[in-house]
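**Q** One structure coming up, written as structure tokens, with questions to follow.
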Amino acid sequence: MNPVVEAVTNELIERSTATRQTYLDRMRYSMEHTPPKRKLSCGNLAHAFAANTDSEKTTIADQVYAPSIASDRLNSTNLGIITAYNDMLSAHQPLKDYPDQIKTATLALGSTAQVAGGVPAMCDGVTQGHEGMELSLFSRDVVALSTAVGLSHNMFDGNLFLGVCDKIVPGMMMGALEFGHLPAVFVPAGPMPTGMSNDEKAKQRQLFAEGKIDRRQMLEVESACYHSAGTCTFYGTANSNQMLMEMLGVQLAGASFVQPGTELRSALTKAAVEKLIRSTEPNGNYRPLYEVVTEKSIINALVGLLATGGSTNHSLHLVAIARCAGIMLDWSDIDRLSQAVPLLARVYPNGSADVNHFQQAGGMAYLVHELRRAELLNEDVVNIMGSDLSAYEYAPELENGEVVWKNRVTSSADTSVLTSVDNAFASNGGLSLLNGNLGKAIIKVSAVKEEHRKIEAPAAVFESQNEFIEAFNRGELFRDMIAVVRFQGPAANGMPELHKLTPLLGICQDRGFKVALVTDGRMSGASGKVPAAIHVSPEGLKGGIISKVRDGDTINLDANAGTLELLVSEEELHNRMTESYTPEMQTIGRGLFENFRAAVGIAELGAATVNPNHCP
């Protein structure tokens, strides 16, 4: 096994000994003292299945009182469904019919399923650059809480999670881990077909920022990119989510990037139901979520994130997920693994291809094949497919209307999109930790050219995206500079993504200036060609040195060396006053989240408001 991966894994296990044991004790206690359905009274059960058909009521009653007669083929179970369906978001619109598909599949197997609850699903693409984006990160924890509420009725032997996008899947996993004594399967919806190329979209956005095309033309461009049901096709947080769920072992092999509305997509949903039923305690192959999500599978997921150049948001989400399982993952683990894991995928914004091209090139099956061949994965893990990782090297296909995994994918159909370990696009994963007197920050360099990875320049300080945009429009930013956009952290305003800055910074860079971004906010998986030190921790509102930066101060950002330094003497910094922060008027629902802003943890620990295992 790769010595770095092995060392990081072993250190994570040792670091997590106490908190992981606390979590496992809670899960085993839950199964022993509150087993599904068995301690519910007759009145409880009657309420729970009052709206079901008579035959379903009989089946559920038999699960409790006469389980041996429930089914000749499989012992009968009742499955819970947590859904993020809404029909405004393209990625979640296909989920509308999933509960009926799942129920049909469960009934055919002598089991039952119920929608346990819905969770909110907001879209960063809709709220980007607007007030609603300040609820985005907190929505993850709302999803976690909503998931727990839906499952609190204790009616379910196993749970299915229907979600796709940025904060929804991490939030569902955080909630699912509170019910880690039960098996769980995540069921995706798949990406929309390829539209306008991502490179062309980026060019058109810059033209719009320069005033060379109007709003109507820009809307036509965006509509050509985001044009139908399914996930957006660039490799941002939503598609990184799908990769992570496969690497964690809670999603069927090859299920991530099959397009909605296809026969294979429907067959995979049906297959997920059977896999889940077979993993439940009544069926003798009990595989609770706490056995699947371990220190080793978390490291496998992180290796997958690095190998594919995935979203920077997961430096928050994966940490938060891990800590909900009592696993003390931190940014140093990400940084060390990044130096050992080669970049194997070029998917926008790390290349011109989209996730459909990635899938056609060999997709997750080839990725897992290469990572296993290079001994970059922990092999002694269990998953929804079985007891090792070998199943994840096989692509799903249809045979007589059923899903089969027959063909192992051992070569790439397009090495410009998905390559081998021997011919990696880069020797490291491109997601790194920066350290210095400004604090800790995450930087994604897989889309940043080598000549732009080190910059020393004067600071241009802003306290909002809008301040930056106004300065750009006045022509003040066409110079060498490092833009410092502060008071964008979770405690200040919920840590919104700052995508509106991406095309403007790109214009400055294209005109020959040395530019970079330093912020305690987020940039997400759409981080582009300009070096961006993001998630600066501690944030400005919590006394971070970023709150003491002044216009004209020299900052040195060196992505290769992993440093982020404000070149001001310690004495000068000590004597400087921290800039004050005045929050905006709390409109568009933001007023309801005051407690979240007060309670949220630091970015390095996942920027979470929930901490069920009291991980420090």
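In the structure tokens, chains take letters A, B, ... by order of appearance, with residues numbered from 1 within each chain and ligands from 1 in the order shown.
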Which neighbours of Met247 (chain A) fall inside 8 Å, counting only C-alpha atoms, when residues of the same chain fewer than 2 positions from it are skipped, and could you give them as a list in words?
**A** Met243, Leu244, Met245, Gly249, Val250, Ser297, Asn300, Ala301 and Gly304 of chain A
**Q** Determine, counting only C-alpha atoms, which protein, DNA and RNA residues have an atom within 9 Å of an atom of Pro349 (chain A); residues of the same chain fewer than 3 positions away are not included. Present the result as a list of chain:residue names.
**A**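 Selected residues are A:Asn198, A:Asp199, A:Phe234, A:Tyr235, A:Gly236, A:Gly309, A:Arg346, A:Ser352, A:Ala353, A:Asp354, A:Ser446, A:Ala447, A:Gly525, A:Ala526, A:Ser527, A:Gly528, A:Lys529.
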**Q** Considering only C-alpha atoms, state which residue in the set A:Ser136, A:Asn400, A:Thr231, A:Ser223 is at the smallest distance from Ala267 (chain A).
**A**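 Of all the options, A:Asn400 lies closest to Ala267 (chain A).
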**Q** Using only C-alpha atoms, determine which residues lie at most 12 Å from Glu274 (chain A), disregarding the query and same-chain residues fewer than 3 positions distant; provide the list as a short mmCIF file (atom, residue, chain, number, x, y, z; two decimals) with N, CA and C atoms, in the first residue's frame.
**A**
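Saved file selection-v4.cif follows:
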data_model
loop_
_atom_site.label_atom_id
_atom_site.label_comp_id
_atom_site.auth_asym_id
_atom_site.auth_seq_id
_atom_site.Cartn_x
_atom_site.Cartn_y
_atom_site.Cartn_z
N ARG A 73 -38.86 -15.19 -0.33
CA ARG A 73 -37.59 -14.90 -0.99
C ARG A 73 -36.62 -14.19 -0.05
N LEU A 74 -37.11 -13.15 0.58
CA LEU A 74 -36.32 -12.37 1.53
C LEU A 74 -37.18 -12.06 2.73
N ASN A 75 -36.57 -11.99 3.88
CA ASN A 75 -37.33 -11.54 5.04
C ASN A 75 -37.78 -10.10 4.81
N SER A 76 -38.99 -9.82 5.15
CA SER A 76 -39.59 -8.53 4.84
C SER A 76 -39.02 -7.43 5.73
N THR A 77 -38.85 -6.27 5.13
CA THR A 77 -38.36 -5.10 5.86
C THR A 77 -39.18 -3.88 5.45
N LEU A 79 -38.52 0.08 4.58
CA LEU A 79 -37.46 1.01 4.27
C LEU A 79 -37.95 2.44 4.39
N ILE A 102 -39.40 2.99 -5.94
CA ILE A 102 -38.85 2.26 -4.79
C ILE A 102 -39.93 1.40 -4.15
N LYS A 103 -41.11 1.95 -3.99
CA LYS A 103 -42.19 1.18 -3.37
C LYS A 103 -42.58 -0.02 -4.22
N THR A 104 -42.62 0.17 -5.52
CA THR A 104 -42.92 -0.96 -6.41
C THR A 104 -41.87 -2.05 -6.27
N ALA A 105 -40.61 -1.64 -6.21
CA ALA A 105 -39.52 -2.61 -6.08
C ALA A 105 -39.58 -3.33 -4.73
N THR A 106 -39.89 -2.61 -3.65
CA THR A 106 -39.94 -3.25 -2.34
C THR A 106 -41.11 -4.23 -2.26
N LEU A 107 -42.25 -3.85 -2.80
CA LEU A 107 -43.41 -4.75 -2.76
C LEU A 107 -43.14 -6.03 -3.52
N ALA A 108 -42.42 -5.92 -4.64
CA ALA A 108 -42.08 -7.11 -5.41
C ALA A 108 -41.17 -8.06 -4.64
N LEU A 109 -40.47 -7.52 -3.65
CA LEU A 109 -39.56 -8.33 -2.84
C LEU A 109 -40.18 -8.66 -1.48
N GLY A 110 -41.47 -8.42 -1.34
CA GLY A 110 -42.15 -8.75 -0.09
C GLY A 110 -41.90 -7.77 1.03
N SER A 111 -41.43 -6.59 0.69
CA SER A 111 -41.13 -5.57 1.69
C SER A 111 -41.98 -4.33 1.45
N THR A 112 -41.72 -3.31 2.23
CA THR A 112 -42.47 -2.06 2.11
C THR A 112 -41.50 -0.89 2.22
N ALA A 113 -41.96 0.27 1.80
CA ALA A 113 -41.17 1.50 1.92
C ALA A 113 -42.11 2.66 2.16
N GLY A 158 -33.91 0.02 7.18
CA GLY A 158 -32.84 0.57 6.35
C GLY A 158 -33.35 1.82 5.68
N ASN A 159 -32.43 2.65 5.22
CA ASN A 159 -32.83 3.96 4.70
C ASN A 159 -32.22 4.26 3.34
N LEU A 160 -33.05 4.87 2.49
CA LEU A 160 -32.61 5.33 1.17
C LEU A 160 -32.62 6.85 1.16
N ALA A 184 -27.69 1.94 4.94
CA ALA A 184 -28.11 3.11 4.16
C ALA A 184 -27.58 3.00 2.74
N VAL A 185 -28.39 3.46 1.80
CA VAL A 185 -27.99 3.54 0.40
C VAL A 185 -28.37 4.91 -0.13
N LEU A 252 -24.33 2.49 -5.28
CA LEU A 252 -24.02 1.36 -6.16
C LEU A 252 -22.87 1.69 -7.10
N ALA A 267 -33.30 1.02 -13.53
CA ALA A 267 -32.89 -0.30 -13.06
C ALA A 267 -31.92 -0.20 -11.89
N LEU A 268 -31.07 0.83 -11.90
CA LEU A 268 -30.14 1.03 -10.78
C LEU A 268 -30.90 1.37 -9.50
N THR A 269 -31.97 2.15 -9.62
CA THR A 269 -32.77 2.47 -8.43
C THR A 269 -33.39 1.20 -7.86
N LYS A 270 -33.89 0.36 -8.73
CA LYS A 270 -34.46 -0.92 -8.30
C LYS A 270 -33.39 -1.79 -7.64
N ALA A 271 -32.21 -1.83 -8.24
CA ALA A 271 -31.13 -2.63 -7.68
C ALA A 271 -30.69 -2.12 -6.32
N ILE A 277 -32.19 -4.03 1.13
CA ILE A 277 -32.95 -5.05 1.85
C ILE A 277 -32.03 -6.18 2.30
N ARG A 278 -31.13 -6.60 1.43
CA ARG A 278 -30.21 -7.68 1.77
C ARG A 278 -29.22 -7.28 2.87
N SER A 279 -29.05 -5.99 3.09
CA SER A 279 -28.11 -5.51 4.12
C SER A 279 -28.76 -5.27 5.47
N THR A 280 -30.06 -5.50 5.57
CA THR A 280 -30.76 -5.22 6.82
C THR A 280 -30.60 -6.36 7.82
N ASN A 283 -32.33 -9.83 7.44
CA ASN A 283 -31.92 -10.70 6.34
C ASN A 283 -30.56 -11.36 6.52
N ILE A 384 -21.88 -1.28 0.17
CA ILE A 384 -23.21 -1.79 -0.17
C ILE A 384 -23.15 -2.89 -1.22
N MET A 385 -22.03 -2.96 -1.96
CA MET A 385 -21.87 -3.99 -2.98
C MET A 385 -21.36 -5.31 -2.40
N GLU A 402 -32.47 -6.09 -16.13
CA GLU A 402 -31.88 -6.05 -14.80
C GLU A 402 -30.44 -5.53 -14.89
N VAL A 403 -29.98 -4.92 -13.80
CA VAL A 403 -28.60 -4.45 -13.76
C VAL A 403 -27.66 -5.61 -13.47
#
**Q** Find the residues near Met218 (chain A): any atom within 9 Å, counting only C-alpha atoms, skip ones fewer than 5 places away on the same chain, and give them as an NGL selection string.
**A** :A and (204-205 or 208 or 213 or 223)
**Q** Create the file for the chosen residues now, containing N, CA and C atoms and written as a PDB file, in the first residue's frame.
**A**
ATOM      1  N   GLN A 204     -17.774  33.359 -22.540  1.00  0.00           N
ATOM      2  CA  GLN A 204     -18.943  34.231 -22.650  1.00  0.00           C
ATOM      3  C   GLN A 204     -19.187  35.003 -21.354  1.00  0.00           C
ATOM      4  N   ARG A 205     -18.926  34.369 -20.217  1.00  0.00           N
ATOM      5  CA  ARG A 205     -19.087  35.070 -18.943  1.00  0.00           C
ATOM      6  C   ARG A 205     -18.101  36.234 -18.833  1.00  0.00           C
ATOM      7  N   PHE A 208     -19.369  39.047 -20.980  1.00  0.00           N
ATOM      8  CA  PHE A 208     -20.465  39.742 -20.312  1.00  0.00           C
ATOM      9  C   PHE A 208     -19.916  40.684 -19.239  1.00  0.00           C
ATOM     10  N   ILE A 213     -21.347  41.611 -24.295  1.00  0.00           N
ATOM     11  CA  ILE A 213     -22.641  41.027 -24.660  1.00  0.00           C
ATOM     12  C   ILE A 213     -23.652  41.466 -23.604  1.00  0.00           C
ATOM     13  N   SER A 223     -28.585  29.343 -20.534  1.00  0.00           N
ATOM     14  CA  SER A 223     -29.645  28.374 -20.801  1.00  0.00           C
ATOM     15  C   SER A 223     -29.173  27.243 -21.703  1.00  0.00           C
TER      16      SER A 223
END
**Q** Which of region 118-279 of chain A counts as alpha helix (DSSP H) under DSSP, as an MDAnalysis selection string please?
**A** chainID A and resid 124:127 136:151 168:177 198:209 215:225 237:248 263:278
**Q** From the list A:Leu504, A:Ala516, A:Val64, A:Ala121, which residue is nearest Leu207 (chain A) when using only C-alpha atoms?
**A** A:Leu504
**Q** Could you list, as a tab-separated table (two decimals) with N, CA and C atoms, in the first residue's frame, every residue within 9 Å of Phe138 (chain A), counting only C-alpha atoms and ignoring same-chain residues fewer than 6 positions away?
**A**
chain	number	residue	atom	x	y	z
A	167	LYS	N	-25.02	20.90	-0.82
A	167	LYS	CA	-25.07	20.73	0.63
A	167	LYS	C	-26.00	19.58	1.02
A	490	PRO	N	-18.22	31.73	8.10
A	490	PRO	CA	-19.52	31.22	8.55
A	490	PRO	C	-20.13	32.03	9.69
A	494	GLY	N	-22.39	33.40	7.04
A	494	GLY	CA	-22.77	32.09	6.54
A	494	GLY	C	-21.83	31.52	5.50
A	495	MET	N	-20.74	32.23	5.18
A	495	MET	CA	-19.71	31.74	4.27
A	495	MET	C	-20.25	31.48	2.85
A	593	PHE	N	-31.37	32.70	10.98
A	593	PHE	CA	-30.16	31.89	11.14
A	593	PHE	C	-29.15	32.54	12.08
A	596	PHE	N	-27.40	30.02	14.18
A	596	PHE	CA	-26.41	29.25	13.42
A	596	PHE	C	-25.10	30.02	13.34
A	597	ARG	N	-25.18	31.32	13.05
A	597	ARG	CA	-23.97	32.12	12.94
A	597	ARG	C	-23.25	32.20	14.29
A	600	VAL	N	-21.71	28.33	14.98
A	600	VAL	CA	-20.95	27.59	13.98
A	600	VAL	C	-19.48	27.46	14.39
A	607	ALA	N	-16.94	23.81	9.68
A	607	ALA	CA	-17.92	24.90	9.75
A	607	ALA	C	-19.31	24.37	10.07
A	608	ALA	N	-19.37	23.53	11.10
A	608	ALA	CA	-20.62	22.86	11.45
A	608	ALA	C	-21.27	23.50	12.67
A	609	THR	N	-22.59	23.41	12.71
A	609	THR	CA	-23.34	23.83	13.89
A	609	THR	C	-23.79	22.63	14.70
**Q** Compare A:Asp422, A:Leu541, A:Leu501, A:Ser580 by their minimum atom-to-atom distance to Ala471 (chain A), counting only C-alpha atoms, and give me the closest one.
**A** A:Leu501
**Q** Nearest to Val368 (chain A) among A:Pro3, A:Gly254, A:Pro531, A:Gly562, with distances taken over only C-alpha atoms: which residue is it?
**A**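 Closest to Val368 (chain A) of all the choices is A:Gly254.
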**Q** Can you tell me, as an NGL selection string, what residues are no more than 10 Å from Asn356 (chain A) when counting only C-alpha atoms, ignoring any on the same chain fewer than 4 positions away?
**A** :A and (190-194 or 233-234 or 257-259 or 347 or 360-361 or 363)
**Q** Restrict the selected residues to C-alpha atoms and save them as a compact mmCIF listing (two decimals), in the first residue's frame.
**A**
# COMPACT_ATOMS: atom_id res chain seq x y z
CA GLY A 190 -27.54 11.58 -12.77
CA PRO A 191 -26.30 14.47 -14.93
CA MET A 192 -28.15 16.32 -17.68
CA PRO A 193 -26.89 15.76 -21.25
CA THR A 194 -23.95 17.85 -22.41
CA THR A 233 -22.35 18.79 -15.94
CA PHE A 234 -19.24 20.56 -14.65
CA PHE A 257 -23.19 9.53 -13.70
CA VAL A 258 -25.95 7.60 -15.49
CA GLN A 259 -28.33 10.15 -17.02
CA VAL A 347 -13.09 17.68 -15.97
CA GLN A 360 -17.81 7.79 -21.37
CA ALA A 361 -14.05 7.59 -20.81
CA GLY A 363 -15.93 6.81 -15.23
